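Asker: For reference, this is input27.cif, and it has mmCIF, C-alpha atoms and all ligand atoms.
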```cif
data_data
loop_
_atom_site.label_atom_id
_atom_site.label_comp_id
_atom_site.auth_asym_id
_atom_site.auth_seq_id
_atom_site.Cartn_x
_atom_site.Cartn_y
_atom_site.Cartn_z
CA MET A 140 39.73 13.53 -0.10
CA GLN A 141 38.38 10.01 -0.43
CA PHE A 142 35.04 9.77 -2.23
CA ILE A 143 32.49 7.31 -3.57
CA ASP A 144 30.89 7.84 -6.98
CA PRO A 145 27.35 6.46 -6.51
CA HIS A 146 26.43 6.60 -10.22
CA VAL A 147 28.91 5.87 -13.00
CA HIS A 148 28.66 3.55 -16.02
CA MET A 149 32.06 1.94 -15.96
CA VAL A 150 31.30 -0.55 -18.77
CA SER A 151 31.64 2.48 -21.06
CA ARG A 152 34.94 3.65 -19.56
CA THR A 153 38.50 2.47 -19.88
CA THR A 154 40.75 0.82 -17.32
CA ASP A 155 42.71 4.10 -17.37
CA ASP A 156 39.56 5.83 -16.07
CA TYR A 157 39.42 3.43 -13.10
CA GLU A 158 43.06 4.25 -12.45
CA ARG A 159 42.48 8.00 -12.76
CA MET A 160 39.48 7.85 -10.41
CA ALA A 161 41.56 5.94 -7.84
CA ARG A 162 44.35 8.53 -8.05
CA MET A 163 41.84 11.34 -7.45
CA GLY A 164 40.60 9.70 -4.21
CA CYS A 165 37.78 7.44 -5.39
CA VAL A 166 37.50 4.29 -3.25
CA ALA A 167 34.26 2.78 -4.57
CA MET A 168 31.54 3.30 -7.14
CA SER A 169 28.09 2.00 -7.95
CA GLU A 170 27.04 1.30 -11.50
CA PRO A 171 23.34 1.28 -12.44
CA ALA A 172 22.20 -0.74 -15.45
CA PHE A 173 21.45 1.65 -18.33
CA TRP A 174 20.98 2.15 -22.06
CA ALA A 175 23.95 1.04 -24.15
CA GLY A 176 23.38 3.66 -26.86
CA PHE A 177 21.40 1.15 -28.94
CA ASP A 178 18.41 -1.07 -28.16
CA ARG A 179 19.40 -4.63 -27.31
CA GLY A 180 17.75 -7.30 -29.40
CA SER A 181 16.97 -9.96 -26.81
CA ALA A 182 16.83 -10.84 -23.13
CA GLU A 183 20.04 -12.82 -23.67
CA GLY A 184 21.80 -9.52 -24.41
CA PHE A 185 20.80 -8.42 -20.90
CA ARG A 186 21.96 -11.70 -19.38
CA ASP A 187 25.44 -11.00 -20.76
CA TYR A 188 25.24 -7.39 -19.57
CA PHE A 189 24.27 -8.48 -16.02
CA ARG A 190 27.23 -10.89 -16.05
CA GLN A 191 29.53 -8.07 -17.13
CA LEU A 192 28.18 -5.85 -14.32
CA THR A 193 28.46 -8.51 -11.61
CA GLU A 194 31.53 -10.46 -12.73
CA PHE A 195 33.93 -8.51 -14.91
CA GLU A 196 33.54 -4.89 -13.73
CA PRO A 197 34.18 -5.67 -10.02
CA LYS A 198 37.33 -7.48 -11.11
CA ARG A 199 38.49 -4.64 -13.37
CA ALA A 200 37.81 -2.09 -10.56
CA SER A 201 39.87 -4.17 -8.13
CA TRP A 202 42.93 -3.80 -10.39
CA SER A 203 42.98 -0.15 -9.26
CA GLY A 204 42.06 -1.00 -5.65
CA LEU A 205 38.44 0.12 -6.11
CA GLN A 206 35.25 -1.54 -4.93
CA HIS A 207 32.51 -1.84 -7.54
CA PHE A 208 28.77 -2.21 -6.77
CA THR A 209 25.90 -2.44 -9.21
CA TRP A 210 22.14 -2.17 -9.81
CA LEU A 211 20.00 -4.23 -12.19
CA CYS A 212 17.05 -3.38 -14.46
CA ILE A 213 15.99 -2.63 -18.01
CA ASN A 214 16.23 1.13 -18.56
CA ALA A 215 13.35 3.44 -19.47
CA LYS A 216 14.39 3.83 -23.13
CA GLU A 217 14.19 0.11 -23.81
CA ALA A 218 11.02 -0.15 -21.70
CA GLU A 219 9.14 0.91 -24.82
CA ASN A 220 9.46 -2.77 -25.76
CA VAL A 221 7.13 -4.12 -23.08
CA SER A 222 7.48 -7.84 -23.86
CA LEU A 223 11.31 -7.69 -23.86
CA SER A 224 11.17 -5.67 -20.62
CA ARG A 225 9.06 -8.35 -18.95
CA GLU A 226 11.55 -11.05 -19.95
CA VAL A 227 14.38 -9.01 -18.46
CA ILE A 228 12.46 -8.30 -15.23
CA LYS A 229 11.82 -12.04 -14.92
CA MET A 230 15.59 -12.66 -15.17
CA ILE A 231 16.60 -10.16 -12.44
CA PRO A 232 16.01 -12.56 -9.49
CA GLU A 233 18.70 -14.88 -10.96
CA PHE A 234 21.30 -12.13 -10.44
CA ILE A 235 20.00 -9.98 -7.58
CA HIS A 236 21.61 -12.04 -4.79
CA ARG A 237 25.10 -11.79 -6.25
CA THR A 238 27.80 -10.02 -4.22
CA GLY A 239 27.94 -6.32 -5.01
CA VAL A 240 24.35 -5.95 -6.28
CA LEU A 241 22.65 -3.12 -4.36
CA GLY A 242 19.13 -3.27 -5.78
CA ILE A 243 16.92 -2.32 -8.72
CA GLY A 244 18.04 0.60 -10.92
CA GLU A 245 18.26 2.90 -12.68
CA ILE A 246 14.55 2.65 -13.39
CA GLY A 247 12.16 5.53 -14.02
CA LEU A 248 10.92 7.59 -16.92
CA ASN A 249 12.58 9.07 -19.99
CA LYS A 250 9.80 10.55 -22.12
CA ASN A 251 7.02 9.89 -19.58
CA THR A 252 5.17 7.47 -21.89
CA LYS A 253 2.56 4.87 -21.01
CA ASN A 254 4.89 1.94 -21.69
CA GLU A 255 7.63 3.49 -19.57
CA SER A 256 5.15 3.90 -16.69
CA THR A 257 3.97 0.30 -17.04
CA ILE A 258 7.50 -1.10 -16.85
CA PHE A 259 8.49 1.31 -14.08
CA ALA A 260 5.52 0.03 -12.02
CA GLU A 261 6.51 -3.60 -12.66
CA HIS A 262 10.07 -2.92 -11.48
CA LEU A 263 8.65 -1.32 -8.32
CA GLU A 264 6.53 -4.41 -7.75
CA LEU A 265 9.64 -6.60 -7.98
CA ALA A 266 11.61 -4.30 -5.65
CA ALA A 267 8.79 -4.46 -3.09
CA GLN A 268 8.50 -8.25 -3.34
CA LEU A 269 12.24 -8.76 -2.90
CA ASP A 270 12.64 -5.88 -0.41
CA GLU A 271 15.34 -4.25 -2.55
CA LEU A 272 16.70 -0.69 -2.67
CA VAL A 273 15.64 1.38 -5.68
CA LEU A 274 17.65 3.85 -7.77
CA ILE A 275 15.60 6.16 -9.99
CA HIS A 276 16.49 7.96 -13.20
CA THR A 277 14.52 11.17 -13.85
CA PRO A 278 14.12 12.59 -17.39
CA HIS A 279 16.74 14.98 -18.77
CA LEU A 280 14.48 16.69 -21.28
CA GLN A 281 12.09 19.59 -20.78
CA ASP A 282 9.64 17.23 -19.06
CA LYS A 283 11.85 16.68 -16.03
CA TYR A 284 9.47 18.22 -13.50
CA LYS A 285 6.45 16.38 -14.90
CA GLY A 286 8.37 13.07 -15.00
CA THR A 287 9.65 13.48 -11.46
CA ARG A 288 6.12 14.32 -10.26
CA MET A 289 4.74 11.18 -11.97
CA ILE A 290 7.51 9.06 -10.40
CA VAL A 291 6.91 10.43 -6.90
CA ASP A 292 3.14 9.88 -7.27
CA MET A 293 3.68 6.25 -8.33
CA LEU A 294 6.10 5.67 -5.44
CA GLN A 295 3.66 7.16 -2.96
CA GLU A 296 0.89 4.87 -4.11
CA ARG A 297 2.90 1.99 -2.64
CA SER A 298 2.88 1.67 1.13
CA ASP A 299 5.35 -1.25 0.84
CA LEU A 300 8.20 0.95 -0.48
CA ASP A 301 9.94 2.98 2.22
CA PRO A 302 11.10 6.35 0.74
CA SER A 303 14.33 6.13 2.77
CA ARG A 304 15.21 3.07 0.64
CA VAL A 305 14.73 4.92 -2.65
CA CYS A 306 17.12 7.39 -4.33
CA ILE A 307 15.78 9.83 -6.93
CA ASP A 308 18.69 10.74 -9.17
CA HIS A 309 19.57 13.64 -11.51
CA VAL A 310 17.67 16.13 -9.32
CA GLU A 311 18.05 19.81 -10.15
CA GLU A 312 16.87 23.07 -8.59
CA HIS A 313 13.25 22.55 -9.65
CA THR A 314 12.95 18.86 -8.64
CA VAL A 315 15.06 18.50 -5.47
CA ARG A 316 12.18 19.65 -3.27
CA LEU A 317 9.83 16.91 -4.56
CA ALA A 318 12.36 14.24 -3.64
CA LYS A 319 13.62 15.68 -0.36
CA GLU A 320 10.39 16.78 1.22
CA ASN A 321 8.82 13.39 0.54
CA GLY A 322 11.60 11.54 2.41
CA PHE A 323 13.57 10.14 -0.55
CA TRP A 324 17.31 10.20 -1.06
CA CYS A 325 18.56 12.44 -3.89
CA GLY A 326 21.40 12.29 -6.37
CA MET A 327 22.82 15.29 -8.24
CA THR A 328 24.63 14.61 -11.49
CA LEU A 329 27.65 16.69 -12.48
CA TYR A 330 27.73 16.80 -16.27
CA PRO A 331 29.91 18.99 -18.48
CA THR A 332 26.95 20.26 -20.55
CA THR A 333 23.50 19.35 -19.17
CA LYS A 334 22.34 18.62 -15.59
CA CYS A 335 24.22 20.23 -12.65
CA THR A 336 27.55 22.03 -12.62
CA PRO A 337 29.63 21.77 -9.40
CA ALA A 338 28.54 25.35 -8.56
CA ARG A 339 24.83 24.57 -9.00
CA ALA A 340 25.22 21.40 -6.89
CA ALA A 341 26.89 23.46 -4.14
CA ASP A 342 24.04 26.02 -4.32
CA ILE A 343 21.51 23.20 -3.90
CA ILE A 344 23.38 21.87 -0.85
CA GLU A 345 23.47 25.37 0.68
CA ARG A 346 19.71 25.73 0.16
CA TRP A 347 18.56 22.18 1.02
CA GLY A 348 21.20 20.87 3.46
CA ASP A 349 23.45 17.82 3.32
CA ASP A 350 21.15 15.05 4.56
CA ARG A 351 20.05 12.26 2.18
CA ILE A 352 21.89 13.77 -0.79
CA MET A 353 24.81 12.59 -2.94
CA VAL A 354 26.73 13.81 -5.99
CA ASN A 355 27.79 11.66 -8.92
CA SER A 356 29.48 11.91 -12.31
CA ALA A 357 27.04 9.64 -14.20
CA GLY A 358 30.06 9.03 -16.43
CA ASP A 359 29.01 7.02 -19.48
CA TRP A 360 29.72 6.67 -23.23
CA GLY A 361 28.68 10.28 -24.00
CA PRO A 362 30.35 13.56 -23.05
CA SER A 363 30.92 13.11 -19.31
CA ASN A 364 33.68 13.24 -16.74
CA PRO A 365 34.27 10.29 -14.38
CA VAL A 366 36.28 12.53 -12.05
CA ALA A 367 33.60 15.21 -11.69
CA VAL A 368 33.09 14.56 -7.95
CA PRO A 369 36.54 16.07 -7.12
CA ASP A 370 35.42 19.24 -8.98
CA PHE A 371 32.48 19.45 -6.55
CA ILE A 372 34.86 18.94 -3.59
CA MET A 373 36.99 21.85 -4.87
CA GLU A 374 33.94 24.09 -5.31
CA MET A 375 32.77 23.35 -1.74
CA ARG A 376 36.26 24.11 -0.38
CA ARG A 377 36.42 27.40 -2.30
CA ARG A 378 33.17 28.38 -0.58
CA GLY A 379 34.66 27.64 2.86
CA HIS A 380 32.63 24.54 3.72
CA SER A 381 34.24 22.24 6.29
CA GLU A 382 36.03 19.05 5.29
CA ALA A 383 33.60 17.13 7.54
CA LYS A 384 30.59 18.49 5.65
CA ILE A 385 32.09 17.72 2.25
CA ARG A 386 33.08 14.22 3.34
CA LYS A 387 29.54 13.59 4.54
CA ILE A 388 28.17 14.30 1.05
CA VAL A 389 30.78 12.47 -1.04
CA TYR A 390 31.59 9.53 1.26
CA GLU A 391 29.40 8.99 4.30
CA ASN A 392 26.04 9.58 2.60
CA PRO A 393 26.56 6.97 -0.14
CA LEU A 394 27.72 4.52 2.55
CA GLU A 395 24.65 5.25 4.66
CA PHE A 396 22.33 4.64 1.71
CA PHE A 397 24.09 1.52 0.40
CA SER A 398 24.22 0.06 3.94
CA LYS A 399 20.45 -0.34 3.79
CA CYS A 400 21.10 -3.25 1.42
CA SER A 401 21.77 -6.38 3.49
CA ARG A 402 24.33 -7.66 0.92
CA PHE A 403 26.42 -4.47 1.05
CA GLN A 404 29.92 -5.14 2.32
CA PHE A 405 32.35 -2.26 2.28
CA LYS A 406 36.01 -2.59 3.09
CA ALA A 407 37.10 0.86 4.25
CA PRO A 408 40.57 1.65 2.89
CA VAL A 409 43.23 1.69 5.62
ZN ZN A 501 22.95 6.66 -15.49
#
```
Write out the structure in this file as structure tokens.

Answerer:
Amino acid sequence: MQFIDPHVHMVSRTTDDYERMARMGCVAMSEPAFWAGFDRGSAEGFRDYFRQLTEFEPKRASWSGLQHFTWLCINAKEAENVSLSREVIKMIPEFIHRTGVLGIGEIGLNKNTKNESTIFAEHLELAAQLDELVLIHTPHLQDKYKGTRMIVDMLQERSDLDPSRVCIDHVEEHTVRLAKENGFWCGMTLYPTTKCTPARAADIIERWGDDRIMVNSAGDWGPSNPVAVPDFIMEMRRRGHSEAKIRKIVYENPLEFFSKCSRFQFKAPV
């Protein structure tokens, strides 16, 4: 089955991974800006990173016949450095209009600190000013519910951000309701150790339905699997769900969400 991986950090993966994803049915992916595993020393480091995301990765994806889209921001971990974060936020408008950029992301909270909240709010201000889509990272640690609650509260304070243009990612059983019932899109991350397994993601779909929800691998430089979405497809098939329902979650839903970005241009494979 053809699928789209709406959250995968391809800068950390090999060209063989692109090839393997294509062979497993992937036709496109979107890559949020994230933490490189170390804190970058200057805004210039981010300028190079944004060039890599908007210039080199789309080219490398195309070698395997894949379409590559991206999101720009400074992530929550590096948001502890408020002055660096502000320099990076100021640079985003230089890159946001490039082909393949879908919006601002992945922004959000990591340890729910004051500095993280400040920089999260400033990203939201930029997204509102530029009328951009938003992709949100929720904490992985024990404070996930608290962090997601804080994020939803901050989003709801803004009448100029339409929830149907915001995706809250890495939802799990205890946070999906907060995102879904308040009108946001949701992402479920299939990780080998933490976050959701394919079975837990399928349980969440069975409980909460298949509208405004996507699954992703969040493949990155750590233990992760860039072809995790096909594992979810297999789990859904084993449970007897229809091909149409599965396709909606892994293909049509990401397209529906991305299509809200006026720059989004998708060439459906023939
Ligand atoms: Zn990520």

Asker: Which residues are near ligand ZN 501 (chain A) - at most 8 Å, using all atoms listed in the file? Format: as a PyMOL selection string.

Answerer: chain A and resi 146-148+170-173+245+276+357-359

Asker: Please, which residues are within 12 Å of (12.4, 17.2, -21.4) by the file's coordinates, counting all atoms listed in the file, and could they come as a count of residues only?

Answerer: 17

Asker: Just to confirm, what's the straight-line distance from atom CA of Ser398 of chain A to atom CA of Ile243 of chain A in Å (one decimal)?

Answerer: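 That distance, rounded to one decimal, is 14.8 Å.
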
Asker: Find the residues around Phe396 of chain A up to 9 Å (only C-alpha atoms counted), leave out those fewer than 4 positions away in its own chain, and share them as a short mmCIF file (atom, residue, chain, number, x, y, z; two decimals) with C-alpha atoms, in the frame of the given file.

Answerer:
```
data_model
loop_
_atom_site.label_atom_id
_atom_site.label_comp_id
_atom_site.auth_asym_id
_atom_site.auth_seq_id
_atom_site.Cartn_x
_atom_site.Cartn_y
_atom_site.Cartn_z
CA LEU A 272 16.70 -0.69 -2.67
CA SER A 303 14.33 6.13 2.77
CA ARG A 304 15.21 3.07 0.64
CA VAL A 305 14.73 4.92 -2.65
CA CYS A 306 17.12 7.39 -4.33
CA TRP A 324 17.31 10.20 -1.06
CA ARG A 351 20.05 12.26 2.18
CA GLU A 391 29.40 8.99 4.30
CA ASN A 392 26.04 9.58 2.60
CA CYS A 400 21.10 -3.25 1.42
#
```

Asker: Give me the box for segment 211-229 of chain A as lines of an AutoDock Vina configuration file, namely the centre and edge lengths in Å to one decimal of a box along x, y and z that holds every listed atom plus 3 Å on each side.

Answerer:
```
center_x = 13.6
center_y = -4.1
center_z = -19.0
size_x = 18.9
size_y = 21.9
size_z = 19.6
```

Asker: Could you please determine the separation between atom CA of Trp347 of chain A and atom CA of Glu320 of chain A in Å, to one decimal place?

Answerer: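 Answer for the atom CA of Trp347 of chain A to atom CA of Glu320 of chain A separation: 9.8 Å.
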
Asker: Choose the residue, out of A:Asn214, A:Ser356, A:Thr209, A:Thr193, that has the smallest atom-to-atom separation from Leu241 of chain A; count only C-alpha atoms.

Answerer: A:Thr209

Asker: Nearest to Asn321 of chain A: which of A:Gln295, A:Asn364, A:Thr252, A:Ser201 is it, counting all atoms listed in the file?

Answerer: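 Nearest candidate to Asn321 of chain A out of A:Gln295, A:Asn364, A:Thr252, A:Ser201: A:Gln295.
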
Asker: So how far away is atom CA of Thr257 of chain A from atom CA of Glu217 of chain A, in Å?

Answerer: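 Separating atom CA of Glu217 of chain A from atom CA of Thr257 of chain A is a distance of 12.3 Å.
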
Asker: Please write as a list in words the list of polymer residues whose atoms come within 9 Å of (39.0, 5.3, -5.7), counting all atoms listed in the file and keeping to the coordinates of the file.

Answerer: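 Output: Gln141, Phe142, Ile143, Asp144, Tyr157, Glu158, Arg159, Met160, Ala161, Arg162, Met163, Gly164, Cys165, Val166, Ala167, Met168, Ala200, Ser203, Gly204, Leu205 and Gln206 of chain A.
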
Asker: Using all atoms listed in the file, can you tell me which of A:Ile290, A:Leu329, A:Ile235, A:Ile258 comes closest to Asp270 of chain A?

Answerer: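 Smallest distance to Asp270 of chain A is found for A:Ile235.
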
Asker: So, counting all atoms listed in the file, which residue among A:Arg377, A:Arg152, A:Lys384, A:Gln268 is closest to Ser363 of chain A?

Answerer: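 Between A:Arg377, A:Arg152, A:Lys384, A:Gln268, the residue approaching Ser363 of chain A most closely is A:Arg152.
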
Asker: For Ile343 of chain A, work out the shell of residues within 9 Å, counting all atoms listed in the file and skipping chain neighbours fewer than 4 positions away, then give it as an NGL selection string.

Answerer: :A and (311-312 or 315 or 338-339 or 347-348)

Asker: Would you kindly return, as a list of chain:residue names, each protein, DNA or RNA residue with an atom no farther than 6 Å from any atom of Val240 of chain A, considering all atoms listed in the file and excluding same-chain residues fewer than 2 positions away?

Answerer: A:Phe208, A:Thr209, A:Trp210, A:Arg237, A:Thr238, A:Gly242

Asker: For Ala218 of chain A, please output as a ChimeraX atom specification all residues within 8 Å (counting only C-alpha atoms; exclusion window: fewer than 4 positions along the same chain).

Answerer: /A:213-214,223-224,254-255,258

Asker: Would you pick out the contacts of Gly184 of chain A at 12 Å or less, using all atoms listed in the file, so that residues sharing its chain but fewer than 2 positions from it are not included, and give the list as a short mmCIF file (atom, residue, chain, number, x, y, z; two decimals) with C-alpha atoms, in the frame of the given file?

Answerer:
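Output (out08.cif):
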```cif
data_model
loop_
_atom_site.label_atom_id
_atom_site.label_comp_id
_atom_site.auth_asym_id
_atom_site.auth_seq_id
_atom_site.Cartn_x
_atom_site.Cartn_y
_atom_site.Cartn_z
CA TRP A 174 20.98 2.15 -22.06
CA ALA A 175 23.95 1.04 -24.15
CA PHE A 177 21.40 1.15 -28.94
CA ASP A 178 18.41 -1.07 -28.16
CA ARG A 179 19.40 -4.63 -27.31
CA GLY A 180 17.75 -7.30 -29.40
CA SER A 181 16.97 -9.96 -26.81
CA ALA A 182 16.83 -10.84 -23.13
CA ARG A 186 21.96 -11.70 -19.38
CA ASP A 187 25.44 -11.00 -20.76
CA TYR A 188 25.24 -7.39 -19.57
CA PHE A 189 24.27 -8.48 -16.02
CA ARG A 190 27.23 -10.89 -16.05
CA GLN A 191 29.53 -8.07 -17.13
CA ILE A 213 15.99 -2.63 -18.01
CA LEU A 223 11.31 -7.69 -23.86
CA SER A 224 11.17 -5.67 -20.62
CA GLU A 226 11.55 -11.05 -19.95
CA VAL A 227 14.38 -9.01 -18.46
CA MET A 230 15.59 -12.66 -15.17
#
```

Asker: Select, from A:Pro393, A:Pro408, A:Gly326, A:Pro365, the residue with the minimum atom-to-atom distance to Asp155 of chain A, counting all atoms listed in the file.

Answerer: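 Counting all atoms listed in the file, the residue closest to Asp155 of chain A is A:Pro365.
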
Asker: So which one's closest to Phe323 of chain A, A:Lys229, A:Val354, A:Ile275, A:Val366? Using all atoms listed in the file, please.

Answerer: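 Closest to Phe323 of chain A of all the choices is A:Ile275.
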